[in-house]
>>> print(open('target_13.cif').read())   # mmCIF, C-alpha atoms and all ligand atoms
data_protein
#
loop_
_atom_site.group_PDB
_atom_site.id
_atom_site.type_symbol
_atom_site.label_atom_id
_atom_site.label_comp_id
_atom_site.auth_asym_id
_atom_site.auth_seq_id
_atom_site.Cartn_x
_atom_site.Cartn_y
_atom_site.Cartn_z
ATOM 1 C CA MET T 1 193.988 63.517 339.708
ATOM 2 C CA SER T 2 196.455 63.269 342.569
ATOM 3 C CA VAL T 3 199.939 61.975 341.836
ATOM 4 C CA ASP T 4 201.524 60.896 345.088
ATOM 5 C CA ALA T 5 203.355 57.720 344.044
ATOM 6 C CA GLN T 6 206.986 58.161 343.087
ATOM 7 C CA PRO T 7 207.979 56.089 340.025
ATOM 8 C CA VAL T 8 210.979 53.864 340.692
ATOM 9 C CA SER T 9 213.963 54.301 338.358
ATOM 10 C CA GLU T 10 214.585 50.550 337.862
ATOM 11 C CA LEU T 11 212.081 47.812 337.073
ATOM 12 C CA PRO T 12 211.962 45.068 339.723
ATOM 13 C CA ASP T 13 214.222 42.095 338.968
ATOM 14 C CA PRO T 14 211.946 39.110 338.132
ATOM 15 C CA ARG T 15 214.434 36.834 339.967
ATOM 16 C CA ASN T 16 213.155 38.455 343.184
ATOM 17 C CA PHE T 17 209.741 36.981 342.320
ATOM 18 C CA GLY T 18 211.254 33.524 341.698
ATOM 19 C CA LEU T 19 210.957 33.832 337.911
ATOM 20 C CA PRO T 20 213.554 32.406 335.490
ATOM 21 C CA VAL T 21 215.274 35.026 333.311
ATOM 22 C CA VAL T 22 216.632 34.603 329.766
ATOM 23 C CA ALA T 23 219.005 37.234 328.344
ATOM 24 C CA GLU T 24 217.911 38.517 324.912
ATOM 25 C CA ASP T 25 221.241 37.558 323.302
ATOM 26 C CA GLU T 26 220.792 33.963 324.544
ATOM 27 C CA LEU T 27 217.592 33.556 322.522
ATOM 28 C CA PRO T 28 218.545 31.679 319.336
ATOM 29 C CA GLU T 29 217.755 33.342 316.011
ATOM 30 C CA GLU T 30 216.442 29.917 314.943
ATOM 31 C CA LEU T 31 213.719 30.183 317.632
ATOM 32 C CA ARG T 32 212.627 33.605 316.349
ATOM 33 C CA THR T 33 212.436 32.202 312.804
ATOM 34 C CA LEU T 34 210.449 29.165 314.020
ATOM 35 C CA VAL T 35 208.014 31.430 315.905
ATOM 36 C CA ALA T 36 207.424 33.589 312.802
ATOM 37 C CA ARG T 37 206.858 30.509 310.626
ATOM 38 C CA VAL T 38 204.419 28.905 313.101
ATOM 39 C CA HIS T 39 202.582 32.262 313.334
ATOM 40 C CA ASP T 40 202.086 32.071 309.546
ATOM 41 C CA LEU T 41 201.211 28.353 309.862
ATOM 42 C CA VAL T 42 198.303 29.135 312.222
ATOM 43 C CA ASP T 43 196.903 31.586 309.671
ATOM 44 C CA ALA T 44 197.403 29.017 306.897
ATOM 45 C CA VAL T 45 195.605 26.289 308.898
ATOM 46 C CA ALA T 46 192.740 28.639 309.736
ATOM 47 C CA HIS T 47 192.155 29.431 306.054
ATOM 48 C CA THR T 48 193.352 26.384 304.070
ATOM 49 C CA GLU T 49 191.174 24.677 301.495
ATOM 50 C CA ALA T 50 193.842 22.060 300.675
ATOM 51 C CA ASP T 51 192.518 18.567 299.837
ATOM 52 C CA THR T 52 192.093 15.869 302.491
ATOM 53 C CA SER T 53 195.300 13.963 301.670
ATOM 54 C CA GLU T 54 197.294 17.208 302.005
ATOM 55 C CA LEU T 55 195.539 17.929 305.312
ATOM 56 C CA ALA T 56 196.394 14.422 306.606
ATOM 57 C CA ARG T 57 200.074 14.817 305.630
ATOM 58 C CA ALA T 58 200.273 18.254 307.256
ATOM 59 C CA SER T 59 198.586 16.956 310.411
ATOM 60 C CA ALA T 60 201.105 14.081 310.744
ATOM 61 C CA ALA T 61 204.058 16.421 310.141
ATOM 62 C CA VAL T 62 202.841 18.925 312.744
ATOM 63 C CA HIS T 63 202.228 16.136 315.285
ATOM 64 C CA GLU T 64 205.751 14.798 314.770
ATOM 65 C CA LEU T 65 207.220 18.288 315.108
ATOM 66 C CA THR T 66 205.286 18.929 318.343
ATOM 67 C CA GLU T 67 206.715 15.740 319.869
ATOM 68 C CA ARG T 68 210.265 16.778 318.880
ATOM 69 C CA LEU T 69 209.950 20.268 320.371
ATOM 70 C CA ASN T 70 208.374 19.000 323.610
ATOM 71 C CA VAL T 71 211.528 16.983 324.403
ATOM 72 C CA LYS T 72 212.933 20.060 326.159
ATOM 73 C CA ARG T 73 210.562 22.725 327.521
ATOM 74 C CA ARG T 74 211.176 26.099 329.161
ATOM 75 C CA ASP T 75 209.626 26.841 332.590
ATOM 76 C CA VAL T 76 206.297 28.702 332.611
ATOM 77 C CA GLY T 77 206.766 32.392 333.434
ATOM 78 C CA ALA T 78 210.264 32.803 331.969
ATOM 79 C CA MET T 79 211.162 36.470 331.495
ATOM 80 C CA LEU T 80 213.207 38.014 328.687
ATOM 81 C CA GLU T 81 215.862 40.480 329.875
ATOM 82 C CA ARG T 82 217.022 43.161 327.463
ATOM 83 C CA PRO T 83 219.104 46.328 327.795
ATOM 84 C CA ARG T 84 217.274 49.649 327.434
ATOM 85 C CA ALA T 85 218.574 52.595 325.424
ATOM 86 C CA ASP T 86 218.865 54.630 328.658
ATOM 87 C CA GLY T 87 221.200 52.035 330.215
ATOM 88 C CA GLY T 88 218.517 50.369 332.341
ATOM 89 C CA THR T 89 217.093 46.864 331.943
ATOM 90 C CA ASP T 90 213.745 45.895 330.463
ATOM 91 C CA TYR T 91 211.884 42.661 331.291
ATOM 92 C CA GLN T 92 209.118 41.026 329.256
ATOM 93 C CA THR T 93 207.267 37.747 329.657
ATOM 94 C CA LEU T 94 208.771 35.486 326.995
ATOM 95 C CA THR T 95 205.513 33.707 326.140
ATOM 96 C CA ASN T 96 203.143 36.674 326.689
ATOM 97 C CA VAL T 97 200.188 35.947 324.354
ATOM 98 C CA VAL T 98 200.109 39.527 323.021
ATOM 99 C CA SER T 99 203.784 40.450 322.798
ATOM 100 C CA GLY T 100 205.927 37.436 323.762
ATOM 101 C CA VAL T 101 208.808 36.912 321.345
ATOM 102 C CA SER T 102 208.677 33.108 321.730
ATOM 103 C CA ASN T 103 204.879 32.837 321.376
ATOM 104 C CA PRO T 104 203.608 32.164 317.821
ATOM 105 C CA ALA T 105 200.092 33.100 318.991
ATOM 106 C CA ALA T 106 201.321 36.622 319.823
ATOM 107 C CA VAL T 107 200.683 39.517 317.389
ATOM 108 C CA PRO T 108 203.575 40.236 318.198
ATOM 109 C CA LEU T 109 203.124 43.729 319.595
ATOM 110 C CA VAL T 110 206.494 45.500 319.774
ATOM 111 C CA LEU T 111 205.974 48.586 321.921
ATOM 112 C CA GLU T 112 208.453 51.446 321.748
ATOM 113 C CA GLU T 113 208.815 54.091 324.406
ATOM 114 C CA THR T 114 207.724 57.598 323.426
ATOM 115 C CA GLU T 115 207.989 60.933 325.229
ATOM 116 C CA ASP T 116 204.756 60.325 327.105
ATOM 117 C CA GLY T 117 204.306 56.536 327.059
ATOM 118 C CA VAL T 118 204.443 53.680 324.538
ATOM 119 C CA ARG T 119 203.469 53.213 320.881
ATOM 120 C CA SER T 120 203.398 50.495 318.236
ATOM 121 C CA GLU T 121 202.316 49.977 314.637
ATOM 122 C CA PHE T 122 201.069 46.500 313.773
ATOM 123 C CA THR T 123 198.761 44.481 311.515
ATOM 124 C CA LEU T 124 196.508 41.597 312.586
ATOM 125 C CA ASN T 125 195.980 38.667 310.211
ATOM 126 C CA GLY T 126 192.821 36.546 309.956
ATOM 127 C CA THR T 127 193.820 34.516 313.022
ATOM 128 C CA TYR T 128 192.503 37.382 315.185
ATOM 129 C CA GLN T 129 189.059 37.460 313.548
ATOM 130 C CA GLY T 130 185.845 38.060 315.435
ATOM 131 C CA PRO T 131 183.044 39.411 313.216
ATOM 132 C CA PRO T 132 183.790 38.832 309.497
ATOM 133 C CA GLY T 133 186.802 40.917 308.464
ATOM 134 C CA LEU T 134 187.124 42.540 311.882
ATOM 135 C CA VAL T 135 189.369 42.053 314.909
ATOM 136 C CA HIS T 136 187.820 40.149 317.835
ATOM 137 C CA GLY T 137 186.805 42.496 320.665
ATOM 138 C CA GLY T 138 188.555 40.328 323.251
ATOM 139 C CA TRP T 139 191.824 40.706 321.389
ATOM 140 C CA ILE T 140 191.291 44.468 321.191
ATOM 141 C CA ALA T 141 190.956 44.474 324.987
ATOM 142 C CA ALA T 142 194.086 42.293 325.281
ATOM 143 C CA LEU T 143 196.089 44.648 323.057
ATOM 144 C CA LEU T 144 194.979 47.663 325.095
ATOM 145 C CA ASP T 145 195.709 45.825 328.374
ATOM 146 C CA GLN T 146 199.240 45.047 327.211
ATOM 147 C CA ALA T 147 199.905 48.604 326.029
ATOM 148 C CA LEU T 148 198.450 50.101 329.217
ATOM 149 C CA GLY T 149 200.513 47.752 331.406
ATOM 150 C CA SER T 150 203.620 48.488 329.386
ATOM 151 C CA ALA T 151 203.064 52.254 329.694
ATOM 152 C CA SER T 152 202.953 51.818 333.459
ATOM 153 C CA ALA T 153 206.084 49.628 333.386
ATOM 154 C CA ALA T 154 207.868 52.093 331.070
ATOM 155 C CA ALA T 155 207.233 54.762 333.714
ATOM 156 C CA GLY T 156 208.969 52.491 336.251
ATOM 157 C CA MET T 157 205.729 51.249 337.822
ATOM 158 C CA VAL T 158 205.208 47.544 337.037
ATOM 159 C CA GLY T 159 201.800 46.301 338.067
ATOM 160 C CA LEU T 160 198.878 43.974 337.474
ATOM 161 C CA THR T 161 195.652 45.165 335.879
ATOM 162 C CA ALA T 162 193.023 45.617 338.594
ATOM 163 C CA ASN T 163 190.433 47.226 336.325
ATOM 164 C CA LEU T 164 190.134 47.637 332.542
ATOM 165 C CA ASP T 165 187.472 49.654 330.689
ATOM 166 C CA VAL T 166 187.250 49.418 326.899
ATOM 167 C CA ASN T 167 185.087 51.462 324.543
ATOM 168 C CA TYR T 168 184.735 50.189 320.978
ATOM 169 C CA ARG T 169 184.244 53.338 318.871
ATOM 170 C CA ASN T 170 184.581 51.929 315.337
ATOM 171 C CA PRO T 171 185.208 48.479 313.783
ATOM 172 C CA THR T 172 188.925 47.500 313.850
ATOM 173 C CA PRO T 173 189.860 45.945 310.472
ATOM 174 C CA LEU T 174 192.009 42.835 309.902
ATOM 175 C CA ASN T 175 194.987 42.935 307.521
ATOM 176 C CA ALA T 176 195.223 46.723 307.801
ATOM 177 C CA PRO T 177 197.791 48.978 309.497
ATOM 178 C CA LEU T 178 196.877 49.832 313.097
ATOM 179 C CA GLU T 179 198.504 52.064 315.705
ATOM 180 C CA ILE T 180 198.312 51.726 319.479
ATOM 181 C CA THR T 181 199.372 54.340 322.018
ATOM 182 C CA ALA T 182 199.216 54.415 325.833
ATOM 183 C CA ARG T 183 200.388 56.589 328.707
ATOM 184 C CA VAL T 184 200.234 57.061 332.464
ATOM 185 C CA THR T 185 197.710 59.712 333.471
ATOM 186 C CA GLY T 186 198.187 59.639 337.242
ATOM 187 C CA ALA T 187 199.250 57.615 340.262
ATOM 188 C CA GLU T 188 198.204 57.385 343.890
ATOM 189 C CA ARG T 189 199.776 55.023 346.395
ATOM 190 C CA ARG T 190 200.072 51.661 344.497
ATOM 191 C CA LYS T 191 197.450 52.588 341.883
ATOM 192 C CA VAL T 192 198.606 53.716 338.439
ATOM 193 C CA HIS T 193 195.995 55.225 336.100
ATOM 194 C CA VAL T 194 196.631 54.657 332.390
ATOM 195 C CA SER T 195 194.829 55.389 329.122
ATOM 196 C CA GLY T 196 195.343 54.337 325.512
ATOM 197 C CA GLU T 197 193.850 54.041 322.042
ATOM 198 C CA ILE T 198 193.935 51.910 318.892
ATOM 199 C CA ARG T 199 193.714 53.837 315.601
ATOM 200 C CA HIS T 200 193.221 52.926 311.944
ATOM 201 C CA ASN T 201 194.059 55.664 309.402
ATOM 202 C CA GLY T 202 194.226 58.104 312.312
ATOM 203 C CA GLU T 203 190.673 57.335 313.476
ATOM 204 C CA VAL T 204 190.187 55.856 316.970
ATOM 205 C CA THR T 205 188.630 52.372 316.757
ATOM 206 C CA ALA T 206 188.936 51.552 320.478
ATOM 207 C CA GLU T 207 190.058 53.292 323.628
ATOM 208 C CA GLY T 208 190.777 51.981 327.083
ATOM 209 C CA THR T 209 191.567 53.075 330.598
ATOM 210 C CA ALA T 210 192.927 50.911 333.379
ATOM 211 C CA ILE T 211 194.073 50.887 336.963
ATOM 212 C CA MET T 212 197.326 48.979 337.392
ATOM 213 C CA VAL T 213 198.251 48.062 340.985
ATOM 214 C CA ARG T 214 202.018 48.154 341.481
ATOM 215 C CA LEU T 215 203.788 44.941 342.392
ATOM 216 C CA VAL T 216 205.546 44.760 345.721
ATOM 217 C CA ALA T 217 208.682 42.612 345.717
ATOM 218 C CA PRO T 218 208.657 39.889 348.380
ATOM 219 C CA SER T 219 210.901 40.812 351.315
HETATM 220 C C1 LIG Y 301 208.735 41.462 337.496
HETATM 221 C C2 LIG Y 301 208.998 42.295 336.285
HETATM 222 C C3 LIG Y 301 207.800 42.219 335.368
HETATM 223 C C4 LIG Y 301 207.899 43.157 334.144
HETATM 224 C C5 LIG Y 301 206.677 43.053 333.250
HETATM 225 C C6 LIG Y 301 206.463 44.342 332.472
HETATM 226 C C7 LIG Y 301 205.326 44.270 331.491
HETATM 227 C C8 LIG Y 301 203.981 44.420 332.150
HETATM 228 C C9 LIG Y 301 202.888 44.403 331.121
HETATM 229 C C10 LIG Y 301 201.715 43.580 331.615
HETATM 230 C C11 LIG Y 301 200.504 43.773 330.757
HETATM 231 C C12 LIG Y 301 199.437 42.743 331.004
HETATM 232 C C13 LIG Y 301 198.688 42.986 332.313
HETATM 233 C C14 LIG Y 301 197.938 41.757 332.746
HETATM 234 O O1 LIG Y 301 197.490 40.967 331.971
HETATM 235 S S1 LIG Y 301 197.755 41.550 334.432
HETATM 236 C C15 LIG Y 301 196.745 40.069 334.554
HETATM 237 C C16 LIG Y 301 195.323 40.382 334.913
HETATM 238 N N1 LIG Y 301 195.252 40.916 336.277
HETATM 239 C C17 LIG Y 301 195.308 40.102 337.351
HETATM 240 O O2 LIG Y 301 195.442 38.897 337.271
HETATM 241 C C18 LIG Y 301 195.206 40.789 338.683
HETATM 242 C C19 LIG Y 301 194.397 39.980 339.681
HETATM 243 N N2 LIG Y 301 194.149 40.802 340.904
HETATM 244 C C20 LIG Y 301 195.068 40.869 341.876
HETATM 245 O O3 LIG Y 301 196.066 40.186 341.881
HETATM 246 C C21 LIG Y 301 194.774 41.862 342.972
HETATM 247 O O4 LIG Y 301 193.411 42.155 343.048
HETATM 248 C C22 LIG Y 301 195.564 43.194 342.779
HETATM 249 C C23 LIG Y 301 197.074 42.916 342.746
HETATM 250 C C24 LIG Y 301 195.146 43.916 341.478
HETATM 251 C C25 LIG Y 301 195.272 44.145 343.939
HETATM 252 O O5 LIG Y 301 195.342 43.423 345.154
HETATM 253 P P1 LIG Y 301 196.289 43.846 346.367
HETATM 254 O O6 LIG Y 301 195.883 43.089 347.554
HETATM 255 O O7 LIG Y 301 197.713 43.770 345.958
HETATM 256 O O8 LIG Y 301 195.953 45.399 346.513
HETATM 257 P P2 LIG Y 301 194.946 46.069 347.544
HETATM 258 O O9 LIG Y 301 193.659 45.326 347.672
HETATM 259 O O10 LIG Y 301 195.743 46.374 348.777
HETATM 260 O O11 LIG Y 301 194.584 47.443 346.767
HETATM 261 C C26 LIG Y 301 195.595 48.392 346.458
HETATM 262 C C27 LIG Y 301 194.871 49.578 345.858
HETATM 263 O O12 LIG Y 301 194.270 49.178 344.593
HETATM 264 C C28 LIG Y 301 192.854 49.411 344.640
HETATM 265 N N3 LIG Y 301 192.173 48.360 343.878
HETATM 266 C C29 LIG Y 301 192.345 47.032 343.986
HETATM 267 N N4 LIG Y 301 191.566 46.373 343.103
HETATM 268 C C30 LIG Y 301 190.883 47.324 342.423
HETATM 269 C C31 LIG Y 301 189.942 47.289 341.380
HETATM 270 N N5 LIG Y 301 189.499 46.145 340.827
HETATM 271 N N6 LIG Y 301 189.463 48.457 340.906
HETATM 272 C C32 LIG Y 301 189.888 49.643 341.401
HETATM 273 N N7 LIG Y 301 190.804 49.744 342.401
HETATM 274 C C33 LIG Y 301 191.291 48.585 342.893
HETATM 275 C C34 LIG Y 301 192.500 49.366 346.131
HETATM 276 O O13 LIG Y 301 191.293 50.057 346.376
HETATM 277 C C35 LIG Y 301 193.711 50.058 346.713
HETATM 278 O O14 LIG Y 301 193.574 51.443 346.486
HETATM 279 P P3 LIG Y 301 193.842 52.522 347.632
HETATM 280 O O15 LIG Y 301 193.167 52.001 348.888
HETATM 281 O O16 LIG Y 301 195.322 52.644 347.803
HETATM 282 O O17 LIG Y 301 193.228 53.795 347.106
#
>>> encode(input="target_13.cif", output="structure tokens", more="lines below")
Ligand SMILES: CCCCCCCCCCCCCC(=O)SCCNC(=O)CCNC(=O)[C@H](O)C(C)(C)COP(=O)(O)OP(=O)(O)OC[C@H]1O[C@@H](n2cnc3c(N)ncnc32)[C@H](O)[C@@H]1OP(=O)(O)O
Amino acid sequence: MSVDAQPVSELPDPRNFGLPVVAEDELPEELRTLVARVHDLVDAVAHTEADTSELARASAAVHELTERLNVKRRDVGAMLERPRADGGTDYQTLTNVVSGVSNPAAVPLVLEETEDGVRSEFTLNGTYQGPPGLVHGGWIAALLDQALGSASAAAGMVGLTANLDVNYRNPTPLNAPLEITARVTGAERRKVHVSGEIRHNGEVTAEGTAIMVRLVAPS
């Protein structure tokens, strides 16, 4: 594969795309705790067999809480800015549904940079169920998409997914340790070719390849 695109050393500043930016140290610890508790709440709601009076009380409490939190809302598309170990700056979508630190629906997938790309270990609870006991195939694709996009971004080439191919090799279990890895395999002009896998106990359950098309900052 030809490699004729030069990775840029710095990620583009989201402000140049008109996006609001929140510094990591400005994100309250209380928000992180709330996100983790609501993440557990979703799983509890999905599986509860509590009696009807308990369900009615919980429903009223959640409704009241939603009204209180909606009093002040962040803009859609806010980006989290955090320093990288190499001295650069990393940007992530705050409410990204796979990895956003303020999104209780997120896994959350915390991807670390490796020598050749990105990697994470994670476990999916019953909220992510498709077939009984197994992870939903759409979520598997979403996890791969995120890891593949992050591998491209980690190589200094932030882009949007133009094409994603997923092969489901084995069932991916819920409530079990999983590993995801992804890397750039080539680049030509604005196209970045990436590949990645999800493993359980070392065995590949799903693998994906994608073409990310690099973003061009507005002039
Ligand atoms: C700001 C900082 C952000 C930091 C975030 C970091 C984390 C990121 C993690 C994110 C993770 C989550 C990720 C998500 O969830 S991304 C969300 C899902 N993806 C989208 O919404 C993308 C929608 N599509 C588009 O916007 C446009 O179509 C894009 C931008 C992709 C290209 O339209 P554009 O007009 O700009 O480009 P072009 O037409 O000049 O083409 C350029 C080149 O690309 C080739 N091509 C185009 N389409 C395809 C295709 N389908 N298959 C194969 N190749 C394709 C084309 O042939 C040409 O190649 P060549 O002629 O040079 O050979």
>>> closest_residue(input="target_13.cif", among="T:Gly159, T:Pro12, T:Pro131, T:Gly137", to="T:Pro218", atoms="only C-alpha atoms")
T:Pro12
>>> residues_near_ligand(input="target_13.cif", ligand="ligand LIG 301 (chain Y)", cutoff="6 Å", atoms="all atoms listed in the file", output="JSON, numbers by chain")
{"T": [12, 13, 14, 91, 92, 145, 146, 149, 150, 153, 158, 160, 161, 162, 163, 189, 190, 191, 213]}
>>> residues_near_point(input="target_13.cif", point="(210.5, 30.2, 322.7)", cutoff="8 Å", atoms="only C-alpha atoms", output="list in words")
Leu27, Leu31, Arg32, Val35, Arg74, Leu94, Thr95, Val101, Ser102 and Asn103 of chain T
>>> atom_distance(input="target_13.cif", atom1="atom CA of T:Asn70", atom2="atom CA of T:Gly18")
23.4 Å
>>> residues_around(input="target_13.cif", residues="T:Met157", least_positions_apart="2", cutoff="8 Å", atoms="all atoms listed in the file", output="number ranges by chain")
T: 7-8, 11, 152-155, 159, 192, 214
>>> residues_around(input="target_13.cif", residues="T:Pro104", least_positions_apart="6", cutoff="10 Å", atoms="all atoms listed in the file", output="list in words")
Arg32, Leu34, Val35, Ala36, Arg37, Val38, His39, Asp40, Leu41, Val42, Thr95, Asn96, Val97 and Val98 of chain T
>>> atom_distance(input="target_13.cif", atom1="atom CA of T:Pro28", atom2="atom CA of T:Leu80")
12.5 Å
>>> resolve_selection(input="target_13.cif", expression="the PyMOL selection byres (((chain T and resi 107) around 10) and not hetatm)", output="list of chain:residue names")
T:His39, T:Val97, T:Val98, T:Ser99, T:Gly100, T:Val101, T:Asn103, T:Pro104, T:Ala105, T:Ala106, T:Pro108, T:Leu109, T:Val110, T:Phe122, T:Thr123, T:Leu124, T:Asn125, T:Thr127, T:Tyr128, T:Trp139, T:Leu143
>>> atom_distance(input="target_13.cif", atom1="atom CA of T:Ala23", atom2="atom CA of T:Glu112")
18.9 Å
>>> closest_residue(input="target_13.cif", among="T:Val118, T:Ala60, T:Leu19, T:Leu65", to="T:Glu81", atoms="all atoms listed in the file")
T:Leu19
>>> closest_residue(input="target_13.cif", among="T:Arg119, T:Arg73, T:His136, T:His193", to="T:Leu174", atoms="only C-alpha atoms")
T:His136
>>> closest_residue(input="target_13.cif", among="T:Asp75, T:Arg199, T:Gly138, T:Ala147", to="T:Leu111", atoms="all atoms listed in the file")
T:Ala147
>>> closest_residue(input="target_13.cif", among="T:Thr48, T:Glu54, T:Val21, T:Glu113", to="T:Arg84", atoms="all atoms listed in the file")
T:Glu113
>>> resolve_selection(input="target_13.cif", expression="the PyMOL selection byres (((chain T and resi 207) around 8) and not hetatm)", output="list of chain:residue names")
T:Leu144, T:Val166, T:Asn167, T:Tyr168, T:Arg169, T:Ser195, T:Gly196, T:Glu197, T:Ile198, T:Val204, T:Thr205, T:Ala206, T:Gly208, T:Thr209
>>> resolve_selection(input="target_13.cif", expression="the PyMOL selection byres (((chain T and resi 173) around 9) and not hetatm)", output="list in words")
Leu124, Gly133, Leu134, Val135, Pro171, Thr172, Leu174, Asn175, Ala176, Pro177, Leu178 and His200 of chain T
>>> closest_residue(input="target_13.cif", among="T:Leu215, T:Gly117, T:Gly202, T:Gly156", to="T:Thr181", atoms="all atoms listed in the file")
T:Gly117
>>> residues_near_point(input="target_13.cif", point="(191.1, 25.4, 307.4)", cutoff="12 Å", atoms="only C-alpha atoms", output="PyMOL selection string")
chain T and resi 41-52+54-55+58-59+126-127
>>> decode(input="target_13.cif", residues="stretch 152-165 of chain T", atoms="N, CA and C atoms", output="mmCIF file, in the first residue's frame")
data_model
loop_
_atom_site.group_PDB
_atom_site.id
_atom_site.type_symbol
_atom_site.label_atom_id
_atom_site.label_comp_id
_atom_site.auth_asym_id
_atom_site.auth_seq_id
_atom_site.Cartn_x
_atom_site.Cartn_y
_atom_site.Cartn_z
ATOM 1 N N SER T 152 -6.074 6.494 13.962
ATOM 2 C CA SER T 152 -5.721 7.486 12.943
ATOM 3 C C SER T 152 -5.360 8.815 13.605
ATOM 4 N N ALA T 153 -6.189 9.222 14.591
ATOM 5 C CA ALA T 153 -5.929 10.490 15.297
ATOM 6 C C ALA T 153 -4.618 10.416 16.071
ATOM 7 N N ALA T 154 -4.344 9.251 16.697
ATOM 8 C CA ALA T 154 -3.110 9.098 17.473
ATOM 9 C C ALA T 154 -1.883 9.229 16.580
ATOM 10 N N ALA T 155 -2.058 8.886 15.292
ATOM 11 C CA ALA T 155 -0.955 9.038 14.333
ATOM 12 C C ALA T 155 -0.917 10.445 13.750
ATOM 13 N N GLY T 156 -1.737 11.357 14.315
ATOM 14 C CA GLY T 156 -1.736 12.750 13.870
ATOM 15 C C GLY T 156 -2.629 12.996 12.676
ATOM 16 N N MET T 157 -3.516 12.035 12.353
ATOM 17 C CA MET T 157 -4.354 12.180 11.163
ATOM 18 C C MET T 157 -5.831 12.027 11.552
ATOM 19 N N VAL T 158 -6.428 13.123 12.017
ATOM 20 C CA VAL T 158 -7.831 13.097 12.463
ATOM 21 C C VAL T 158 -8.736 13.091 11.243
ATOM 22 N N GLY T 159 -9.693 12.151 11.236
ATOM 23 C CA GLY T 159 -10.585 12.093 10.092
ATOM 24 C C GLY T 159 -11.957 11.571 10.442
ATOM 25 N N LEU T 160 -12.828 11.543 9.425
ATOM 26 C CA LEU T 160 -14.144 10.929 9.558
ATOM 27 C C LEU T 160 -14.120 9.584 8.848
ATOM 28 N N THR T 161 -14.904 8.638 9.351
ATOM 29 C CA THR T 161 -14.977 7.324 8.734
ATOM 30 C C THR T 161 -15.731 7.432 7.407
ATOM 31 N N ALA T 162 -15.064 7.071 6.320
ATOM 32 C CA ALA T 162 -15.740 7.050 5.015
ATOM 33 C C ALA T 162 -16.284 5.654 4.742
ATOM 34 N N ASN T 163 -15.546 4.643 5.226
ATOM 35 C CA ASN T 163 -15.944 3.254 4.966
ATOM 36 C C ASN T 163 -15.510 2.391 6.137
ATOM 37 N N LEU T 164 -16.411 1.489 6.571
ATOM 38 C CA LEU T 164 -16.089 0.588 7.694
ATOM 39 C C LEU T 164 -16.539 -0.823 7.332
ATOM 40 N N ASP T 165 -15.624 -1.772 7.401
ATOM 41 C CA ASP T 165 -15.950 -3.193 7.170
ATOM 42 C C ASP T 165 -15.726 -3.959 8.457
#
